[in-house]
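A short worksheet on the structure shown next.
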Amino acid sequence: MSHAHDSALYAQWVELLGWLEAEAATRGLGFEKVADFPDYIYRMERPYDLPTTVMSVSLSDQGQPLLVAGVSPRHVDLKGVSLRLMGGSKHWHLHAGERTLLEGKRPFTRERLAALLDGAVRGVRQIA
């Protein structure tokens, strides 16, 4: 993967972080950083050039984890973004496109994220 492709992935990750935070707020979900990038944590005196320090976040409903989203660290060859619903086998692997993250060949949109979260919240709240 080229450096330009890496830049696109991390810029699209920042956009997804914004969507996740906004969609969580809309649904009354918790939004929490889980981890920073290792090269941010261990940067010492080196400059840090990624657009965010956040490598993974969690969305929760009433304190229970609902979804975890994460992006590959810089040292990984085949980088991507993963979304995982907790307590089940549902997960999505996204990769960088020209303008937005892709789910396979299909653009991953904020509307798609909203639909996934609506289904997850509905499922969790029906059980409770």
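Going by the structure tokens order, chains are called A, B, ..., each with residues numbered from 1, while ligands are numbered from 1 in the order shown.
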
Every residue of chain A that DSSP places in alpha helix (DSSP H), as a ChimeraX atom specification: /A:3-27,38-41,110-127

Close residues, A:Val68 itself excluded, 9 Å, only C-alpha atoms, min 2 positions apart in chain, as a PyMOL selection string: chain A and resi 34+56-60+65-66+70+82-86

So that I have them on file, write out the residues from the current selection with C-alpha atoms, as a PDB file, in the first residue's frame.
```
ATOM      1  CA  VAL A  34      -9.988   2.701  23.557  1.00  0.00           C
ATOM      2  CA  SER A  56      -9.737   2.579  18.291  1.00  0.00           C
ATOM      3  CA  VAL A  57     -13.011   3.664  19.883  1.00  0.00           C
ATOM      4  CA  SER A  58     -15.940   1.996  21.567  1.00  0.00           C
ATOM      5  CA  LEU A  59     -19.648   2.787  21.499  1.00  0.00           C
ATOM      6  CA  SER A  60     -21.646   1.623  24.486  1.00  0.00           C
ATOM      7  CA  PRO A  65     -20.023  -2.268  24.904  1.00  0.00           C
ATOM      8  CA  LEU A  66     -21.990  -2.226  21.655  1.00  0.00           C
ATOM      9  CA  GLY A  70     -10.392   0.448  14.923  1.00  0.00           C
ATOM     10  CA  SER A  82     -12.751  -2.801  11.300  1.00  0.00           C
ATOM     11  CA  LEU A  83     -16.163  -2.426  12.910  1.00  0.00           C
ATOM     12  CA  ARG A  84     -17.218  -5.163  15.323  1.00  0.00           C
ATOM     13  CA  LEU A  85     -20.505  -5.637  17.130  1.00  0.00           C
ATOM     14  CA  MET A  86     -19.916  -6.987  20.605  1.00  0.00           C
TER      15      MET A  86
END
```

Among the residues of stretch 46-91 of chain A, find those DSSP assigns to strand (DSSP E) from the backbone and print them as a list in words. Val54, Met55, Ser56, Val57, Ser58, Leu59, Ser60, Asp61, Gln64, Pro65, Leu66, Leu67, Val68, Ala69, Gly70, Val71, Val81, Ser82, Leu83, Arg84, Leu85 and His91 of chain A

Could the residues in this selection be written to a file with N, CA and C atoms, as a compact mmCIF listing (two decimals), in the first residue's frame?
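Here's the written file part28.txt:
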```txt
# COMPACT_ATOMS: atom_id res chain seq x y z
N VAL A 54 -5.96 8.70 17.79
CA VAL A 54 -6.93 7.66 18.16
C VAL A 54 -6.89 6.49 17.18
N MET A 55 -6.59 5.30 17.69
CA MET A 55 -6.54 4.10 16.87
C MET A 55 -7.82 3.26 17.00
N SER A 56 -8.49 3.34 18.14
CA SER A 56 -9.74 2.58 18.29
C SER A 56 -10.67 3.28 19.27
N VAL A 57 -11.97 3.08 19.03
CA VAL A 57 -13.01 3.66 19.88
C VAL A 57 -14.08 2.61 20.15
N SER A 58 -14.85 2.89 21.19
CA SER A 58 -15.94 2.00 21.57
C SER A 58 -17.22 2.81 21.70
N LEU A 59 -18.32 2.23 21.25
CA LEU A 59 -19.65 2.79 21.50
C LEU A 59 -20.33 1.86 22.49
N SER A 60 -21.00 2.45 23.47
CA SER A 60 -21.65 1.62 24.49
C SER A 60 -23.07 2.10 24.73
N ASP A 61 -23.89 1.17 25.20
CA ASP A 61 -25.27 1.47 25.55
C ASP A 61 -25.46 1.11 27.02
N GLN A 64 -22.70 -0.90 28.58
CA GLN A 64 -22.36 -2.17 27.93
C GLN A 64 -21.78 -1.90 26.54
N PRO A 65 -20.61 -2.48 26.23
CA PRO A 65 -20.02 -2.27 24.90
C PRO A 65 -20.98 -2.73 23.80
N LEU A 66 -21.11 -1.92 22.78
CA LEU A 66 -21.99 -2.23 21.66
C LEU A 66 -21.19 -2.46 20.38
N LEU A 67 -20.25 -1.56 20.11
CA LEU A 67 -19.48 -1.64 18.87
C LEU A 67 -18.07 -1.13 19.13
N VAL A 68 -17.09 -1.78 18.53
CA VAL A 68 -15.71 -1.32 18.59
C VAL A 68 -15.26 -1.06 17.16
N ALA A 69 -14.63 0.10 16.96
CA ALA A 69 -14.10 0.47 15.66
C ALA A 69 -12.61 0.74 15.81
N GLY A 70 -11.83 0.25 14.86
CA GLY A 70 -10.39 0.45 14.92
C GLY A 70 -9.78 0.51 13.55
N VAL A 71 -8.64 1.17 13.47
CA VAL A 71 -7.89 1.26 12.22
C VAL A 71 -6.52 0.62 12.44
N VAL A 81 -9.93 -0.60 8.20
CA VAL A 81 -10.74 -0.24 9.35
C VAL A 81 -11.65 -1.42 9.66
N SER A 82 -11.83 -1.73 10.93
CA SER A 82 -12.75 -2.80 11.30
C SER A 82 -13.82 -2.25 12.23
N LEU A 83 -15.03 -2.72 12.04
CA LEU A 83 -16.16 -2.43 12.91
C LEU A 83 -16.66 -3.76 13.42
N ARG A 84 -16.79 -3.89 14.74
CA ARG A 84 -17.22 -5.16 15.32
C ARG A 84 -18.32 -4.93 16.34
N LEU A 85 -19.43 -5.65 16.15
CA LEU A 85 -20.51 -5.64 17.13
C LEU A 85 -20.13 -6.60 18.24
N HIS A 91 -19.28 -8.29 11.79
CA HIS A 91 -18.16 -7.36 11.68
C HIS A 91 -18.01 -6.91 10.24
```

Residues near A:Gly28, anyone? I mean within 12 Å using only C-alpha atoms, not counting same-chain ones fewer than 3 positions away, as a ChimeraX atom specification. /A:20-25,31,59-63,117-118,121

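With only C-alpha atoms as the atoms that count, the minimum distance from A:Trp92 to the choices A:Trp13, A:Arg110, A:Leu116, A:Asp77 is reached by A:Leu116.
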
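Between A:Leu9 and the candidates A:Gly80, A:Gly123, A:Pro73, A:Pro107, the tightest atom-to-atom separation, counting only C-alpha atoms, involves A:Gly80.
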
Set the distance at 10 Å and use only C-alpha atoms: which residues neighbour A:Leu101 once local chain neighbours fewer than 4 positions away are removed? I'd like the list as number ranges by chain. A: 8-13, 15-16, 80-81, 93-97, 105-109

Go ahead and save the residues from that selection, with C-alpha atoms, as a compact mmCIF listing (two decimals), in the first residue's frame.
```
# COMPACT_ATOMS: atom_id res chain seq x y z
CA ALA A 8 -6.31 8.55 2.47
CA LEU A 9 -7.08 5.75 4.94
CA TYR A 10 -6.19 7.83 7.99
CA ALA A 11 -8.08 10.90 6.69
CA GLN A 12 -11.14 8.69 6.07
CA TRP A 13 -10.72 7.19 9.56
CA GLU A 15 -14.12 11.28 9.09
CA LEU A 16 -15.54 7.98 10.41
CA GLY A 80 -7.98 -1.19 6.96
CA VAL A 81 -10.74 -0.24 9.35
CA HIS A 93 -13.82 -4.65 7.09
CA LEU A 94 -13.40 -1.34 5.31
CA HIS A 95 -10.54 -0.07 3.21
CA ALA A 96 -9.53 3.27 1.71
CA GLY A 97 -11.19 4.42 -1.46
CA LYS A 105 -16.54 -2.00 -3.73
CA ARG A 106 -19.43 -0.10 -2.16
CA PRO A 107 -18.83 3.29 -0.48
CA PHE A 108 -19.36 3.11 3.27
CA THR A 109 -21.60 6.08 4.01
```

Work out how far atom CA of A:Thr26 is from atom CA of A:Ala114, in Å to one decimal. 9.9 Å

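Comparing the minimum interatomic distances between A:Pro51 and each of A:Val76, A:Ala35, A:Leu17, A:Leu113, counting only C-alpha atoms, we find that A:Leu17 sits nearest.
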
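A straight line drawn from atom CA of A:Glu98 to atom CA of A:Gly18 is 18.7 Å long.
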